[in-house]
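**Student:** Below: one structure in structure tokens.
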Amino acid sequence: MHHFTIRDVENLSGIKAHTLRMWEQRYGLCVCKRRKSQHRYYDGEDLKHILRIAYLYHNGYRISRIVQLSAQEIIQLTSKKSGSDEYGLSVNQLLEAGLDYNQEQFENSFHSTVLTMGLENSIEKVIYPFLDKIGLLWMTGHVLPAQEHFCSHLIQKTIIASINALPAVYNGHQKLLLFTPEGENHELPLLVIQYIMKRKGFKTILLGKNTSMDVVKLYCSQQPITHLYFHLVTNFTYPHPAEYLGKLAANFAEKKIIASGPALKNIKETPNNVSILRSFQELMSLELYL
């Protein structure tokens, strides 16, 4: 069983920790569990319930109204994509299905989202935020590799088919090498990035996940690569992502390096040839960093 801290729940729900505590004390809502040490925690069912409450709250329901609803009524209300934050609902539904290994629910929700919104809007509004949340759970040790792989595989099939369906029409001379560093096994974000880049007319080579710096060097010695792009969710090889950035920048001083991913969010200063994309909007404006 997964246990989540109040900080995890805050990050995943968008509800501040002090608000969660106030709701618990004042309304008996979002009640936590406590360890023998009295430290609070939430299990998987608690998290799903709070995500549903957060969805209603973010869509205009007053907390005084929500506390009057039964758990089943909350589920029924959050199964309807009628609020202004239907994207958030889709993200939460994918997260719930992923935590439960519910393939039918996951595929139905994902395919419905793509059918309704189209793939590009789904990537921006649902898939990318979902990957961010899964990445957060991975970094804090609250999602199992099997769960992450379960979700990734179901999305991956659609993304790969969409990449192959795009016409090979390229603008400019840029050629970007996509990879994840050694020790990083999350490949799905790379596929999302490759789709966006190909759609925008940039030529990419997908070197893949868990790629050593020696392999990157070898490939660059054989092919005219202009840019390196890596995505980092978490990494166990280097003591800090900043060290990896420094080594990569030094070894490829003549190339522009672009990086993204939750593991880089606290890095403030970068080498001169490195740019960190910190949001999907920055990724969509990639040409500004080339």
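Residue numbering restarts at 1 for every chain of the structure tokens, chains are lettered A, B, ... in their displayed order, and ligands are numbered from 1 as they appear.
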Any idea what's packed within 7 Å of A:Gln147, counting only C-alpha atoms, ignoring anything in its chain fewer than 5 positions away? Could you give it as a PDB file with N, CA and C atoms, in the first residue's frame?
**Tutor:**
ATOM      1  N   GLY A  98      -3.942   4.406 -13.163  1.00  0.00           N
ATOM      2  CA  GLY A  98      -2.565   3.933 -13.118  1.00  0.00           C
ATOM      3  C   GLY A  98      -2.203   3.359 -11.770  1.00  0.00           C
ATOM      4  N   LEU A  99      -2.626   4.018 -10.697  1.00  0.00           N
ATOM      5  CA  LEU A  99      -2.322   3.526  -9.353  1.00  0.00           C
ATOM      6  C   LEU A  99      -3.005   2.187  -9.087  1.00  0.00           C
ATOM      7  N   TYR A 101      -3.735  -0.079 -11.544  1.00  0.00           N
ATOM      8  CA  TYR A 101      -3.470  -0.995 -12.663  1.00  0.00           C
ATOM      9  C   TYR A 101      -4.761  -1.316 -13.417  1.00  0.00           C
TER      10      TYR A 101
END
**Student:** Can you pull out every residue within 7 Å of A:Lys33, counting only C-alpha atoms, but drop anything in the same chain fewer than 4 positions away, and send it as a list of chain:residue names?
**Tutor:**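 Counting only C-alpha atoms, the residues come to A:Arg40, A:Tyr41, A:Tyr42.
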**Student:** Can you pull out the residues contacting A:Tyr219? Cut-off 12 Å, using only C-alpha atoms, and skip same-chain residues under 4 positions away; I want them as a ChimeraX atom specification.
**Tutor:** /A:176-179,205-207,211-215,223-226,228
**Student:** Please give the complete set of residues from stretch 127-228 of chain A that DSSP, run on the backbone, assigns to strand (DSSP E or B), formatted as a PyMOL selection string.
**Tutor:** chain A and resi 175-181+203-211+227-228
**Student:** For those residues, write C-alpha atoms to a file as a PDB file, in the first residue's frame.
**Tutor:**
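Contents of the output file out.pdb:
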ATOM      1  CA  LYS A 175      19.570  18.097 -35.884  1.00  0.00           C
ATOM      2  CA  LEU A 176      18.730  17.211 -32.290  1.00  0.00           C
ATOM      3  CA  LEU A 177      19.870  14.115 -30.458  1.00  0.00           C
ATOM      4  CA  LEU A 178      17.302  12.983 -27.863  1.00  0.00           C
ATOM      5  CA  PHE A 179      18.280  10.773 -24.945  1.00  0.00           C
ATOM      6  CA  THR A 180      18.063  10.252 -21.216  1.00  0.00           C
ATOM      7  CA  PRO A 181      21.256  10.060 -19.129  1.00  0.00           C
ATOM      8  CA  LYS A 203      14.922  16.754 -37.342  1.00  0.00           C
ATOM      9  CA  THR A 204      15.537  14.466 -34.373  1.00  0.00           C
ATOM     10  CA  ILE A 205      17.425  11.286 -33.640  1.00  0.00           C
ATOM     11  CA  LEU A 206      16.050   9.286 -30.719  1.00  0.00           C
ATOM     12  CA  LEU A 207      19.049   7.672 -29.054  1.00  0.00           C
ATOM     13  CA  GLY A 208      16.839   6.378 -26.256  1.00  0.00           C
ATOM     14  CA  LYS A 209      16.901   5.903 -22.524  1.00  0.00           C
ATOM     15  CA  ASN A 210      19.756   5.078 -20.141  1.00  0.00           C
ATOM     16  CA  THR A 211      22.415   6.459 -22.495  1.00  0.00           C
ATOM     17  CA  HIS A 227      21.914  20.075 -30.369  1.00  0.00           C
ATOM     18  CA  LEU A 228      21.703  17.634 -27.487  1.00  0.00           C
TER      19      LEU A 228
END
**Student:** If you measure from atom CA of A:Lys256 to atom CA of A:His240, what distance in Å do you get, rounded to one decimal?
**Tutor:**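 A separation of 20.9 Å between them.
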**Student:** Show me, as an NGL selection string, the residues that have an atom within 12 Å of stretch 16-26 of chain A when counting only C-alpha atoms, minus same-chain residues fewer than 2 positions from it.
**Tutor:** :A and (5-14 or 28-33 or 40-42 or 47 or 50-51 or 53-54 or 57 or 62-64 or 66-67)
**Student:** Excluding same-chain residues fewer than 2 positions from stretch 168-172 of chain A, what lies within 6 Å of it counting only C-alpha atoms, as a ChimeraX atom specification?
**Tutor:** /A:174,201-202
**Student:** Go ahead and write the residues just picked, N, CA and C atoms, as a PDB file, in the first residue's frame.
**Tutor:**
ATOM      1  N   GLN A 174      19.100  22.290 -38.200  1.00  0.00           N
ATOM      2  CA  GLN A 174      19.263  21.729 -36.861  1.00  0.00           C
ATOM      3  C   GLN A 174      18.970  20.231 -36.839  1.00  0.00           C
ATOM      4  N   GLY A 201       8.841  20.654 -37.318  1.00  0.00           N
ATOM      5  CA  GLY A 201       9.764  20.671 -38.431  1.00  0.00           C
ATOM      6  C   GLY A 201      11.224  20.527 -38.076  1.00  0.00           C
ATOM      7  N   PHE A 202      11.531  20.051 -36.865  1.00  0.00           N
ATOM      8  CA  PHE A 202      12.917  19.840 -36.457  1.00  0.00           C
ATOM      9  C   PHE A 202      13.287  18.366 -36.618  1.00  0.00           C
TER      10      PHE A 202
END
**Student:** Would you please give, as a PyMOL selection string, all residues of stretch 64-276 of chain A that DSSP assigns to alpha helix (DSSP H) based on the backbone?
**Tutor:** chain A and resi 64-66+71-77+86-99+103-117+119-122+128-139+145-165+188-199+213-222+241-251
